[in-house]
Structure formats: C-alpha cells, structure tokens
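Structure file input.pdb with PDB, C-alpha atoms:
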```pdb
ATOM      1  CA  MET A   1      -1.832 -10.330  10.134
ATOM      2  CA  LYS A   2       0.104 -13.215   8.585
ATOM      3  CA  LYS A   3       2.908 -10.841   7.653
ATOM      4  CA  MET A   4       2.985  -9.382  11.175
ATOM      5  CA  ILE A   5       3.255 -12.848  12.730
ATOM      6  CA  LEU A   6       6.097 -13.750  10.349
ATOM      7  CA  ASN A   7       7.874 -10.492  11.171
ATOM      8  CA  ILE A   8       7.495 -11.089  14.917
ATOM      9  CA  MET A   9       8.900 -14.617  14.627
ATOM     10  CA  ALA A  10      11.767 -13.484  12.394
ATOM     11  CA  THR A  11      12.698 -10.591  14.681
ATOM     12  CA  THR A  12      12.515 -12.836  17.750
ATOM     13  CA  GLY A  13      14.895 -15.249  16.046
ATOM     14  CA  ILE A  14      17.267 -12.432  15.063
ATOM     15  CA  SER A  15      17.078 -11.019  18.613
ATOM     16  CA  LEU A  16      17.986 -14.372  20.163
ATOM     17  CA  VAL A  17      20.942 -14.809  17.795
ATOM     18  CA  ALA A  18      22.136 -11.286  18.635
ATOM     19  CA  LEU A  19      21.702 -12.040  22.344
ATOM     20  CA  ALA A  20      23.657 -15.267  21.958
ATOM     21  CA  LEU A  21      26.498 -13.357  20.240
ATOM     22  CA  ILE A  22      26.610 -10.752  23.019
ATOM     23  CA  ALA A  23      26.417 -13.454  25.699
ATOM     24  CA  THR A  24      29.375 -15.263  24.059
ATOM     25  CA  LEU A  25      31.425 -12.078  24.419
ATOM     26  CA  TYR A  26      30.614 -12.090  28.130
ATOM     27  CA  ASP A  27      31.586 -15.811  28.368
ATOM     28  CA  GLY A  28      27.956 -16.850  28.638
ATOM     29  CA  THR A  29      26.978 -20.409  27.791
ATOM     30  CA  LEU A  30      23.207 -20.466  28.356
ATOM     31  CA  ILE A  31      20.086 -18.567  27.395
ATOM     32  CA  CYS A  32      17.181 -19.031  29.800
ATOM     33  CA  ILE A  33      13.804 -20.175  28.544
ATOM     34  CA  ASP A  34      12.347 -17.062  30.212
ATOM     35  CA  THR A  35      14.471 -14.926  27.911
ATOM     36  CA  VAL A  36      13.011 -16.558  24.795
ATOM     37  CA  PHE A  37       9.460 -15.751  25.901
ATOM     38  CA  GLN A  38      10.470 -12.253  27.006
ATOM     39  CA  MET A  39      11.927 -11.617  23.545
ATOM     40  CA  LEU A  40       8.763 -12.908  21.910
ATOM     41  CA  GLY A  41       6.531 -10.805  24.171
ATOM     42  CA  LEU A  42       8.621  -7.698  23.571
ATOM     43  CA  ASN A  43       8.544  -8.182  19.794
ATOM     44  CA  ILE A  44       4.762  -8.635  19.842
ATOM     45  CA  VAL A  45       4.360  -5.327  21.666
ATOM     46  CA  ILE A  46       6.855  -3.626  19.331
ATOM     47  CA  TYR A  47       5.069  -4.777  16.188
ATOM     48  CA  ILE A  48       1.647  -3.797  17.502
ATOM     49  CA  GLY A  49       2.980  -0.286  18.057
ATOM     50  CA  LEU A  50       4.639  -0.214  14.624
ATOM     51  CA  TYR A  51       1.345  -1.327  13.060
ATOM     52  CA  PHE A  52      -0.387   1.771  14.459
ATOM     53  CA  MET A  53       2.556   4.009  13.600
ATOM     54  CA  ASP A  54       2.178   2.909   9.956
ATOM     55  CA  TYR A  55      -1.191   4.656   9.833
ATOM     56  CA  ILE A  56       0.633   7.971  10.035
ATOM     57  CA  GLU A  57       2.081   9.203   6.740
ATOM     58  CA  TYR A  58       5.398  10.855   7.407
ATOM     59  CA  ARG A  59       6.762  13.550   5.206
ATOM     60  CA  TYR A  60      10.338  12.348   5.549
ATOM     61  CA  ALA A  61      11.461   8.712   5.523
ATOM     62  CA  LEU A  62      14.308   9.474   7.974
ATOM     63  CA  LEU A  63      11.837  10.965  10.444
ATOM     64  CA  GLU A  64       9.726   7.801  10.237
ATOM     65  CA  THR A  65      12.767   5.566  10.745
ATOM     66  CA  GLY A  66      14.037   7.705  13.615
ATOM     67  CA  LEU A  67      10.711   7.722  15.449
ATOM     68  CA  LYS A  68      10.326   3.970  15.078
ATOM     69  CA  LEU A  69      13.853   3.385  16.384
ATOM     70  CA  ILE A  70      13.269   5.654  19.395
ATOM     71  CA  TYR A  71      10.014   3.863  20.138
ATOM     72  CA  ILE A  72      11.712   0.455  19.980
ATOM     73  CA  ILE A  73      14.654   1.568  22.151
ATOM     74  CA  LEU A  74      12.255   2.974  24.769
ATOM     75  CA  LEU A  75      10.319  -0.290  24.865
ATOM     76  CA  VAL A  76      13.551  -2.279  25.179
ATOM     77  CA  LEU A  77      14.777  -0.087  28.039
ATOM     78  CA  ILE A  78      11.432  -0.359  29.839
ATOM     79  CA  SER A  79      11.483  -4.138  29.359
ATOM     80  CA  GLY A  80      14.980  -4.148  30.825
ATOM     81  CA  PHE A  81      13.591  -2.631  34.042
ATOM     82  CA  VAL A  82      10.614  -4.977  34.125
ATOM     83  CA  TRP A  83      12.598  -8.160  33.520
ATOM     84  CA  ASP A  84      15.860  -7.215  35.285
ATOM     85  CA  TRP A  85      18.053  -7.380  32.205
ATOM     86  CA  TYR A  86      20.422  -4.776  33.672
ATOM     87  CA  ASN A  87      21.801  -7.430  36.034
ATOM     88  CA  ASN A  88      23.516  -9.003  33.025
ATOM     89  CA  LEU A  89      23.712  -6.221  30.421
ATOM     90  CA  SER A  90      24.321  -2.500  30.579
ATOM     91  CA  SER A  91      21.770  -0.174  28.980
ATOM     92  CA  ALA A  92      24.398   0.935  26.452
ATOM     93  CA  VAL A  93      24.914  -2.647  25.247
ATOM     94  CA  LEU A  94      21.149  -3.123  25.124
ATOM     95  CA  ILE A  95      20.741   0.013  23.013
ATOM     96  CA  LEU A  96      23.540  -1.021  20.656
ATOM     97  CA  MET A  97      21.992  -4.470  20.310
ATOM     98  CA  THR A  98      18.624  -2.891  19.529
ATOM     99  CA  ILE A  99      20.156  -0.665  16.868
ATOM    100  CA  GLY A 100      21.966  -3.648  15.337
ATOM    101  CA  ILE A 101      18.786  -5.767  15.193
ATOM    102  CA  PHE A 102      16.853  -2.793  13.812
ATOM    103  CA  ALA A 103      19.453  -2.349  11.061
ATOM    104  CA  VAL A 104      19.204  -6.036  10.090
ATOM    105  CA  CYS A 105      15.386  -5.815  10.031
ATOM    106  CA  VAL A 106      15.478  -2.650   7.901
ATOM    107  CA  CYS A 107      17.770  -4.432   5.391
ATOM    108  CA  LEU A 108      15.460  -7.451   5.226
ATOM    109  CA  ASP A 109      12.461  -5.153   4.912
ATOM    110  CA  THR A 110      14.097  -3.273   2.036
ATOM    111  CA  ILE A 111      14.806  -6.552   0.220
ATOM    112  CA  SER A 112      11.151  -7.538   0.711
ATOM    113  CA  LEU A 113       9.982  -4.145  -0.601
ATOM    114  CA  LEU A 114      12.170  -4.381  -3.711
ATOM    115  CA  SER A 115      10.788  -7.852  -4.369
ATOM    116  CA  GLU A 116       7.214  -6.579  -3.989
ATOM    117  CA  VAL A 117       7.883  -3.688  -6.398
ATOM    118  CA  LYS A 118       9.460  -6.113  -8.905
ATOM    119  CA  THR A 119       6.339  -8.326  -8.720
ATOM    120  CA  ILE A 120       4.046  -5.362  -9.335
ATOM    121  CA  ASN A 121       6.130  -4.121 -12.277
ATOM    122  CA  GLY A 122       6.063  -7.665 -13.667
ATOM    123  CA  LEU A 123       2.263  -7.702 -13.412
ATOM    124  CA  ILE A 124       2.064  -4.312 -15.162
ATOM    125  CA  GLU A 125       4.289  -5.582 -17.987
ATOM    126  CA  GLY A 126       2.254  -8.758 -18.207
ATOM    127  CA  GLU A 127      -0.860  -6.683 -18.646
ATOM    128  CA  GLU A 128       0.790  -4.618 -21.394
ATOM    129  CA  HIS A 129       1.776  -7.742 -23.326
ATOM    130  CA  VAL A 130      -1.815  -8.993 -23.242
TER     131      VAL A 130
ATOM    132  CA  MET B   1     -14.409 -16.632 -22.926
ATOM    133  CA  ARG B   2     -15.614 -16.179 -26.510
ATOM    134  CA  LEU B   3     -15.951 -12.717 -28.052
ATOM    135  CA  ILE B   4     -18.559 -12.113 -30.750
ATOM    136  CA  LEU B   5     -18.692  -8.670 -32.360
ATOM    137  CA  CYS B   6     -21.877  -7.880 -34.287
ATOM    138  CA  GLU B   7     -22.424  -4.684 -36.295
ATOM    139  CA  ARG B   8     -26.029  -3.481 -36.354
ATOM    140  CA  GLN B   9     -26.838  -0.243 -38.154
ATOM    141  CA  ASN B  10     -30.179   0.222 -36.398
ATOM    142  CA  LEU B  11     -28.651   0.661 -32.921
ATOM    143  CA  GLU B  12     -28.552   4.167 -31.455
ATOM    144  CA  GLU B  13     -25.690   3.334 -29.096
ATOM    145  CA  PRO B  14     -23.425   0.300 -28.611
ATOM    146  CA  GLU B  15     -25.055  -2.500 -26.684
ATOM    147  CA  VAL B  16     -23.205  -5.227 -24.838
ATOM    148  CA  THR B  17     -24.895  -8.507 -23.938
ATOM    149  CA  VAL B  18     -22.969 -10.954 -21.787
ATOM    150  CA  ALA B  19     -24.263 -14.514 -22.035
ATOM    151  CA  TYR B  20     -23.196 -16.809 -19.201
ATOM    152  CA  ARG B  21     -24.085 -20.103 -17.645
ATOM    153  CA  GLU B  22     -22.733 -19.163 -14.214
ATOM    154  CA  MET B  23     -21.892 -15.773 -12.759
ATOM    155  CA  THR B  24     -18.148 -16.293 -12.252
ATOM    156  CA  LYS B  25     -15.771 -13.581 -11.110
ATOM    157  CA  ASN B  26     -14.586 -13.087 -14.718
ATOM    158  CA  VAL B  27     -18.159 -12.566 -15.932
ATOM    159  CA  LYS B  28     -18.683 -10.122 -13.084
ATOM    160  CA  ARG B  29     -15.465  -8.357 -14.012
ATOM    161  CA  VAL B  30     -16.547  -7.930 -17.632
ATOM    162  CA  ALA B  31     -19.920  -6.609 -16.447
ATOM    163  CA  ASP B  32     -18.266  -4.155 -14.033
ATOM    164  CA  TYR B  33     -15.927  -2.950 -16.768
ATOM    165  CA  VAL B  34     -18.733  -2.401 -19.282
ATOM    166  CA  ARG B  35     -20.698  -0.486 -16.641
ATOM    167  CA  CYS B  36     -17.705   1.793 -16.107
ATOM    168  CA  VAL B  37     -16.664   2.345 -19.732
ATOM    169  CA  ASP B  38     -18.901   5.323 -20.369
ATOM    170  CA  ARG B  39     -19.610   6.201 -16.775
ATOM    171  CA  THR B  40     -18.909   9.827 -16.124
ATOM    172  CA  LEU B  41     -18.117  11.963 -13.142
ATOM    173  CA  LEU B  42     -19.400  15.490 -12.850
ATOM    174  CA  CYS B  43     -16.555  17.888 -12.135
ATOM    175  CA  LYS B  44     -15.937  21.621 -12.191
ATOM    176  CA  LYS B  45     -13.292  23.750 -13.797
ATOM    177  CA  ASP B  46     -13.309  27.560 -13.905
ATOM    178  CA  ASN B  47     -16.905  27.529 -12.616
ATOM    179  CA  GLU B  48     -18.010  25.357 -15.522
ATOM    180  CA  GLU B  49     -19.336  21.849 -15.131
ATOM    181  CA  HIS B  50     -17.734  19.049 -17.083
ATOM    182  CA  SER B  51     -18.768  15.442 -17.461
ATOM    183  CA  ILE B  52     -15.527  13.457 -17.285
ATOM    184  CA  LEU B  53     -15.298   9.867 -18.478
ATOM    185  CA  ILE B  54     -14.062   7.774 -15.563
ATOM    186  CA  ASN B  55     -11.618   5.980 -17.839
ATOM    187  CA  ASP B  56     -10.018   9.342 -18.628
ATOM    188  CA  ILE B  57      -9.185  10.001 -14.987
ATOM    189  CA  PHE B  58      -5.576   9.310 -14.039
ATOM    190  CA  TYR B  59      -5.823   9.954 -10.323
ATOM    191  CA  VAL B  60      -7.832  11.776  -7.683
ATOM    192  CA  GLU B  61      -6.167  13.733  -4.927
ATOM    193  CA  SER B  62      -7.498  15.332  -1.776
ATOM    194  CA  VAL B  63      -5.720  18.469  -0.588
ATOM    195  CA  ASP B  64      -7.033  20.570   2.343
ATOM    196  CA  LYS B  65     -10.400  18.784   2.136
ATOM    197  CA  LYS B  66     -10.703  19.720  -1.553
ATOM    198  CA  VAL B  67     -10.793  16.930  -4.116
ATOM    199  CA  PHE B  68      -8.980  17.341  -7.419
ATOM    200  CA  VAL B  69      -9.494  15.041 -10.389
ATOM    201  CA  TYR B  70      -6.477  14.720 -12.661
ATOM    202  CA  CYS B  71      -6.935  13.738 -16.295
ATOM    203  CA  GLU B  72      -4.180  13.504 -18.872
ATOM    204  CA  LYS B  73      -3.560  17.236 -19.116
ATOM    205  CA  GLU B  74      -6.369  18.877 -17.168
ATOM    206  CA  VAL B  75      -7.335  19.143 -13.532
ATOM    207  CA  PHE B  76     -10.897  19.440 -12.260
ATOM    208  CA  ARG B  77     -12.568  19.914  -8.889
ATOM    209  CA  ASN B  78     -15.111  17.508  -7.485
ATOM    210  CA  ASN B  79     -17.485  17.948  -4.561
ATOM    211  CA  TYR B  80     -17.410  14.369  -3.336
ATOM    212  CA  ARG B  81     -15.133  13.402  -0.474
ATOM    213  CA  LEU B  82     -12.234  11.104  -1.260
ATOM    214  CA  TYR B  83     -13.710   8.146   0.623
ATOM    215  CA  GLU B  84     -16.981   8.549  -1.318
ATOM    216  CA  LEU B  85     -15.113   8.519  -4.632
ATOM    217  CA  GLU B  86     -13.148   5.502  -3.435
ATOM    218  CA  GLU B  87     -16.403   3.586  -2.946
ATOM    219  CA  MET B  88     -17.796   4.762  -6.291
ATOM    220  CA  LEU B  89     -14.648   4.071  -8.304
ATOM    221  CA  SER B  90     -13.373   0.857  -6.700
ATOM    222  CA  ARG B  91     -15.039  -1.295  -9.375
ATOM    223  CA  ALA B  92     -13.597   0.924 -12.111
ATOM    224  CA  GLY B  93     -10.034  -0.058 -11.224
ATOM    225  CA  PHE B  94      -9.233   2.789  -8.834
ATOM    226  CA  VAL B  95      -7.107   1.968  -5.827
ATOM    227  CA  ARG B  96      -6.086   4.039  -2.808
ATOM    228  CA  VAL B  97      -2.292   4.492  -2.986
ATOM    229  CA  SER B  98      -1.846   6.926  -0.127
ATOM    230  CA  LYS B  99      -3.921   8.748   2.464
ATOM    231  CA  SER B 100      -4.925  11.366  -0.107
ATOM    232  CA  VAL B 101      -4.668   9.761  -3.548
ATOM    233  CA  LEU B 102      -6.807   7.340  -5.544
ATOM    234  CA  LEU B 103      -5.073   5.962  -8.610
ATOM    235  CA  ASN B 104      -6.529   4.543 -11.814
ATOM    236  CA  VAL B 105      -4.436   1.391 -12.081
ATOM    237  CA  GLU B 106      -4.999   1.278 -15.846
ATOM    238  CA  LYS B 107      -2.820   4.402 -16.152
ATOM    239  CA  LEU B 108       0.014   2.919 -14.102
ATOM    240  CA  ILE B 109       3.152   2.042 -16.094
ATOM    241  CA  GLY B 110       5.541   1.268 -13.258
ATOM    242  CA  ILE B 111       6.545   1.735  -9.644
ATOM    243  CA  LYS B 112      10.014   2.602  -8.458
ATOM    244  CA  THR B 113      11.682   3.049  -5.102
ATOM    245  CA  LEU B 114      13.305   6.399  -4.475
ATOM    246  CA  VAL B 115      16.541   7.102  -2.632
ATOM    247  CA  ASN B 116      14.604   8.262   0.451
ATOM    248  CA  SER B 117      12.766   4.890   0.638
ATOM    249  CA  LYS B 118       9.567   6.360  -0.764
ATOM    250  CA  LEU B 119       7.696   4.733  -3.637
ATOM    251  CA  GLU B 120       6.766   6.518  -6.830
ATOM    252  CA  ALA B 121       4.111   5.388  -9.300
ATOM    253  CA  LYS B 122       4.766   6.463 -12.892
ATOM    254  CA  LEU B 123       1.686   7.175 -14.979
ATOM    255  CA  SER B 124       1.215   6.956 -18.741
ATOM    256  CA  ASN B 125       1.018  10.764 -19.097
ATOM    257  CA  GLY B 126       4.474  11.193 -17.581
ATOM    258  CA  GLU B 127       3.236  12.269 -14.159
ATOM    259  CA  SER B 128       4.064  10.437 -10.977
ATOM    260  CA  VAL B 129       2.412  10.085  -7.589
ATOM    261  CA  TYR B 130       3.801   8.904  -4.278
ATOM    262  CA  VAL B 131       2.661   5.502  -3.067
ATOM    263  CA  THR B 132       2.559   4.507   0.582
ATOM    264  CA  ARG B 133       3.917   1.030   1.162
ATOM    265  CA  LYS B 134       0.900  -0.321   2.973
ATOM    266  CA  TYR B 135      -1.219   0.161  -0.177
ATOM    267  CA  LEU B 136       1.097  -1.868  -2.397
ATOM    268  CA  LYS B 137      -0.869  -5.032  -1.704
ATOM    269  CA  ASP B 138      -4.057  -3.351  -2.981
ATOM    270  CA  ILE B 139      -2.292  -2.357  -6.206
ATOM    271  CA  ARG B 140      -0.999  -5.922  -6.573
ATOM    272  CA  SER B 141      -4.469  -7.381  -5.938
ATOM    273  CA  GLU B 142      -6.047  -5.117  -8.564
ATOM    274  CA  LEU B 143      -3.355  -5.997 -11.121
ATOM    275  CA  ILE B 144      -3.792  -9.728 -10.431
ATOM    276  CA  ARG B 145      -7.548  -9.312 -10.775
ATOM    277  CA  ARG B 146      -7.094  -7.580 -14.142
ATOM    278  CA  ASN B 147      -4.533 -10.100 -15.413
ATOM    279  CA  GLU B 148      -6.768 -13.040 -14.533
ATOM    280  CA  GLY B 149      -9.559 -11.701 -16.743
TER     281      GLY B 149
END
```

Mind turning this structure into structure tokens?
Amino acid sequence: MKKMILNIMATTGISLVALALIATLYDGTLICIDTVFQMLGLNIVIYIGLYFMDYIEYRYALLETGLKLIYIILLVLISGFVWDWYNNLSSAVLILMTIGIFAVCVCLDTISLLSEVKTINGLIEGEEHV
Amino acid sequence: MRLILCERQNLEEPEVTVAYREMTKNVKRVADYVRCVDRTLLCKKDNEEHSILINDIFYVESVDKKVFVYCEKEVFRNNYRLYELEEMLSRAGFVRVSKSVLLNVEKLIGIKTLVNSKLEAKLSNGESVYVTRKYLKDIRSELIRRNEG
C-alpha cells in the first residue's frame, strides 16, 4: 500500500511536469488547480487497475508491458472526454504524453527493481559469510 | 545466544533442549528450525513412496494441478495442493516465488534480472526458477529473518 501511494504521488508529479512542458510549447503559463486533482485521480485509478493486473502472470514481459500501456492510454483518453481535455490538447498529443510518462516510470521502476535484487543478493551473501 | 553441545552415548537420537527466559522471535526461530530439520514429506516416484527430508527439497512446482517436488537431482510427485504445502512449509524457510513455485530459500544462491525483464533465482544445484516480482519482498523478508537469527 505504501509503495502504491508513493508510486501514485511520483507519477502525478511526473505527469504535471510533462503537462507543464507541453503547455509551455503551446505558450501556456498556468496549470489549473482542477488539473492537479484530475491528474491525481487518474493516477489513483490507473494504479488500482495495475495492482489487479499484477495478479496475472504473463508469459512474455513485452505482452505485459503492452497491455498495461494500452490500459493506461484508454483511461487517459476516457478521462480526456470526462474532463474536456480535448479543448486544449489533441488526443495524439495526449497519447504521446502518456507514452513518455510511461517510459519514464518504466525506467524508474527498473532502477528500483535492480536495487531490490542487489539488496537480496547482498542478504544471500551475508548469510553465506555467517 | 549461547550454544552448548553435549555428547551423551545413552541417547537413541539427538535431542535438542532450548532454555530461554522469554520466548523471543529468535528462540521461536531456533525451535521452528529444529522442528523442521528431520521433518519429512511423503512423496511418490515410479509408484514407490519416498520419505523426503524437507531440508533436501529445493523447490516445489505445480503444473496442471500436479505437484512436483524437486530435490538436488531427483523429482517426486506429491498429492498435496501447492497452497497446502505452502502452509506446511512456510516455517521451514519455503517462500512462494511465483504462482506455481515454492522455493526453499536456503538453496538460493542469487537472483538475476534477465534481458526480458524477468527474474531468475539460481539454486545451489545449478538449476534456476523464474521469480515473479511481487514475491521479491517475501524472499527479502525470509532472508532478513534468517540473517537476524
């Protein structure tokens, strides 16, 4: 649970930075408070879905990554309809933004995984020395 | 924790007495380990029954609702379901590492990430099993528990 909350907060932060970058390209100067809460709400829903998707063991890692990305893109597009994001952004830009944020999250996740594996191998070696 | 070894010729089998003032988690751990040392699991191979020492088991795998017990070089069948064995063997240092595999953490010599983002646990007999990421924390907890003892 703690890890999920941290992930949600981190992804919300990354999403807002990405949104700010895109908005700068469109000469934007403000992000509405609504947008911050919409991002947070969307990320909560995304991570709840990913939590249940993790119960499935996929044969191929690419298949797992692909399905998760499709799921996230669908949620983002649906959110765009619900919260009228298409007034300011096209769906193509939204999809590209989603892919970019997903790529950053996958990189961070991989770094976290490598760190976890290193810790476990350290514990195994520690046990051998005893 | 002090260790006192005492040889007594009149004993039929080794006897372990644990003297403690308070039942701490380390005392409990020693007791659990001693209980498991010569615990056996009844398995079958080629229609013959074998009594396998739990400490000799490397991992247990469930395939098509059949449970296979893997020792260093031999494989046996067992009639228990995987979740039943998980309950029975959890105190003996066995941890679920994927939907269908229970691993004896004592036999684990390392974990590595593969190119396709999967995780592989290397065992002391040279074999390896796939590990699902969500079970890494259970492996870590078991290793921490063992190292603290």

Restrict the distance test to only C-alpha atoms, flag each residue of chain B within 9 Å of chain A, and return the flagged residues as number ranges by chain.
B: 98-99, 108-113, 116-119, 132-134, 136-137, 139-140, 143-144, 146-147

Suppose you want the space between atom CA of Val60 of chain B and atom CA of Ser141 of chain B; what is it in Å?
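The value is 19.5 Å.
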
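Here the PyMOL selection byres ((chain B and resi 50) around 12) matches the residues B:Thr40, B:Leu41, B:Leu42, B:Cys43, B:Lys44, B:Lys45, B:Asp46, B:Asn47, B:Glu48, B:Glu49, B:Ser51, B:Ile52, B:Leu53, B:Ile54, B:Val69, B:Glu74, B:Val75, B:Phe76, B:Arg77, B:Asn78.
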
Here's the selection I'm unsure about, the PyMOL selection byres ((chain A and resi 20-26) around 12); applied to the file above, which residues does it give, as a PDB file with C-alpha atoms, keeping the file's coordinate frame?
```
ATOM      1  CA  GLY A  13      14.895 -15.249  16.046  1.00  0.00           C
ATOM      2  CA  ILE A  14      17.267 -12.432  15.063  1.00  0.00           C
ATOM      3  CA  SER A  15      17.078 -11.019  18.613  1.00  0.00           C
ATOM      4  CA  LEU A  16      17.986 -14.372  20.163  1.00  0.00           C
ATOM      5  CA  VAL A  17      20.942 -14.809  17.795  1.00  0.00           C
ATOM      6  CA  ALA A  18      22.136 -11.286  18.635  1.00  0.00           C
ATOM      7  CA  LEU A  19      21.702 -12.040  22.344  1.00  0.00           C
ATOM      8  CA  ASP A  27      31.586 -15.811  28.368  1.00  0.00           C
ATOM      9  CA  GLY A  28      27.956 -16.850  28.638  1.00  0.00           C
ATOM     10  CA  THR A  29      26.978 -20.409  27.791  1.00  0.00           C
ATOM     11  CA  LEU A  30      23.207 -20.466  28.356  1.00  0.00           C
ATOM     12  CA  ILE A  31      20.086 -18.567  27.395  1.00  0.00           C
ATOM     13  CA  CYS A  32      17.181 -19.031  29.800  1.00  0.00           C
ATOM     14  CA  THR A  35      14.471 -14.926  27.911  1.00  0.00           C
ATOM     15  CA  VAL A  36      13.011 -16.558  24.795  1.00  0.00           C
ATOM     16  CA  ASN A  88      23.516  -9.003  33.025  1.00  0.00           C
ATOM     17  CA  LEU A  89      23.712  -6.221  30.421  1.00  0.00           C
ATOM     18  CA  SER A  90      24.321  -2.500  30.579  1.00  0.00           C
ATOM     19  CA  VAL A  93      24.914  -2.647  25.247  1.00  0.00           C
ATOM     20  CA  LEU A  94      21.149  -3.123  25.124  1.00  0.00           C
ATOM     21  CA  LEU A  96      23.540  -1.021  20.656  1.00  0.00           C
ATOM     22  CA  MET A  97      21.992  -4.470  20.310  1.00  0.00           C
ATOM     23  CA  THR A  98      18.624  -2.891  19.529  1.00  0.00           C
ATOM     24  CA  GLY A 100      21.966  -3.648  15.337  1.00  0.00           C
ATOM     25  CA  ILE A 101      18.786  -5.767  15.193  1.00  0.00           C
TER      26      ILE A 101
END
```

Hey, which of B:Lys122, B:Arg96, B:Lys107, B:Arg91 ends up closest to Arg29 of chain B? Count only C-alpha atoms.
B:Arg91

Restricting the calculation to only C-alpha atoms, which member of B:Ser128, B:Asp138, B:Tyr80, B:Met1 is positioned closest to Arg21 of chain B?
B:Met1

Take the PyMOL selection byres ((chain A and resi 8) around 10), run it mentally on this structure, and tell me the resulting residues as a VMD selection string.
chain A and resid 2 to 7 9 to 14 39 to 48

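Across the model, the gap from atom CA of Gln38 of chain A to atom CA of Met53 of chain A is 22.5 Å.
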
Suppose you want the space between atom CA of Val27 of chain B and atom CA of Arg8 of chain B; what is it in Å?
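One can read the atom CA of Val27 of chain B to atom CA of Arg8 of chain B distance as 23.7 Å.
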
If I wrap all listed atoms of segment 8-14 of chain A in a box with edges along x, y and z and add 4 Å on each side, what are its centre and edge lengths in Å to one decimal, as AutoDock Vina command-line options?
```
--center_x 12.4 --center_y -12.9 --center_z 15.1 --size_x 17.8 --size_y 12.7 --size_z 13.4
```

All residues 12 Å or closer to Gly66 of chain A, all atoms listed in the file, same chain fewer than 5 positions away omitted, as number ranges by chain
A: 58, 60-61, 71-73, 99, 102-103, 106

Where atoms are lacking, segment 98-104 of chain B completed to all heavy atoms, as a compact mmCIF listing (two decimals), in the coordinates of the input:
```txt
# COMPACT_ATOMS: atom_id res chain seq x y z
N SER B 98 -2.36 6.21 -1.29
CA SER B 98 -1.85 6.93 -0.13
C SER B 98 -3.06 7.51 0.59
O SER B 98 -4.19 7.33 0.14
CB SER B 98 -0.86 8.02 -0.51
OG SER B 98 -1.53 9.09 -1.12
N LYS B 99 -2.81 8.21 1.68
CA LYS B 99 -3.92 8.75 2.46
C LYS B 99 -4.80 9.69 1.62
O LYS B 99 -5.99 9.80 1.83
CB LYS B 99 -3.32 9.53 3.63
CG LYS B 99 -4.22 9.71 4.80
CD LYS B 99 -3.44 10.29 5.95
CE LYS B 99 -4.37 10.87 6.97
NZ LYS B 99 -3.67 11.57 8.03
N SER B 100 -4.17 10.34 0.62
CA SER B 100 -4.92 11.37 -0.11
C SER B 100 -5.04 11.13 -1.61
O SER B 100 -5.48 12.02 -2.32
CB SER B 100 -4.26 12.73 0.13
OG SER B 100 -2.91 12.64 -0.26
N VAL B 101 -4.64 9.98 -2.09
CA VAL B 101 -4.67 9.76 -3.55
C VAL B 101 -5.33 8.43 -3.92
O VAL B 101 -5.03 7.39 -3.35
CB VAL B 101 -3.23 9.78 -4.13
CG1 VAL B 101 -3.24 9.47 -5.63
CG2 VAL B 101 -2.56 11.12 -3.89
N LEU B 102 -6.23 8.54 -4.92
CA LEU B 102 -6.81 7.34 -5.54
C LEU B 102 -6.22 7.26 -6.94
O LEU B 102 -6.23 8.25 -7.66
CB LEU B 102 -8.32 7.49 -5.73
CG LEU B 102 -9.24 7.47 -4.56
CD1 LEU B 102 -10.68 7.64 -5.05
CD2 LEU B 102 -9.13 6.14 -3.82
N LEU B 103 -5.75 6.09 -7.32
CA LEU B 103 -5.07 5.96 -8.61
C LEU B 103 -5.85 5.03 -9.54
O LEU B 103 -6.34 3.99 -9.11
CB LEU B 103 -3.66 5.40 -8.38
CG LEU B 103 -2.81 5.11 -9.60
CD1 LEU B 103 -2.45 6.40 -10.31
CD2 LEU B 103 -1.54 4.38 -9.19
N ASN B 104 -5.96 5.42 -10.80
CA ASN B 104 -6.53 4.54 -11.81
C ASN B 104 -5.42 3.60 -12.26
O ASN B 104 -4.48 4.01 -12.95
CB ASN B 104 -7.04 5.38 -13.01
CG ASN B 104 -7.70 4.53 -14.07
OD1 ASN B 104 -7.70 3.31 -13.99
ND2 ASN B 104 -8.28 5.18 -15.05
```
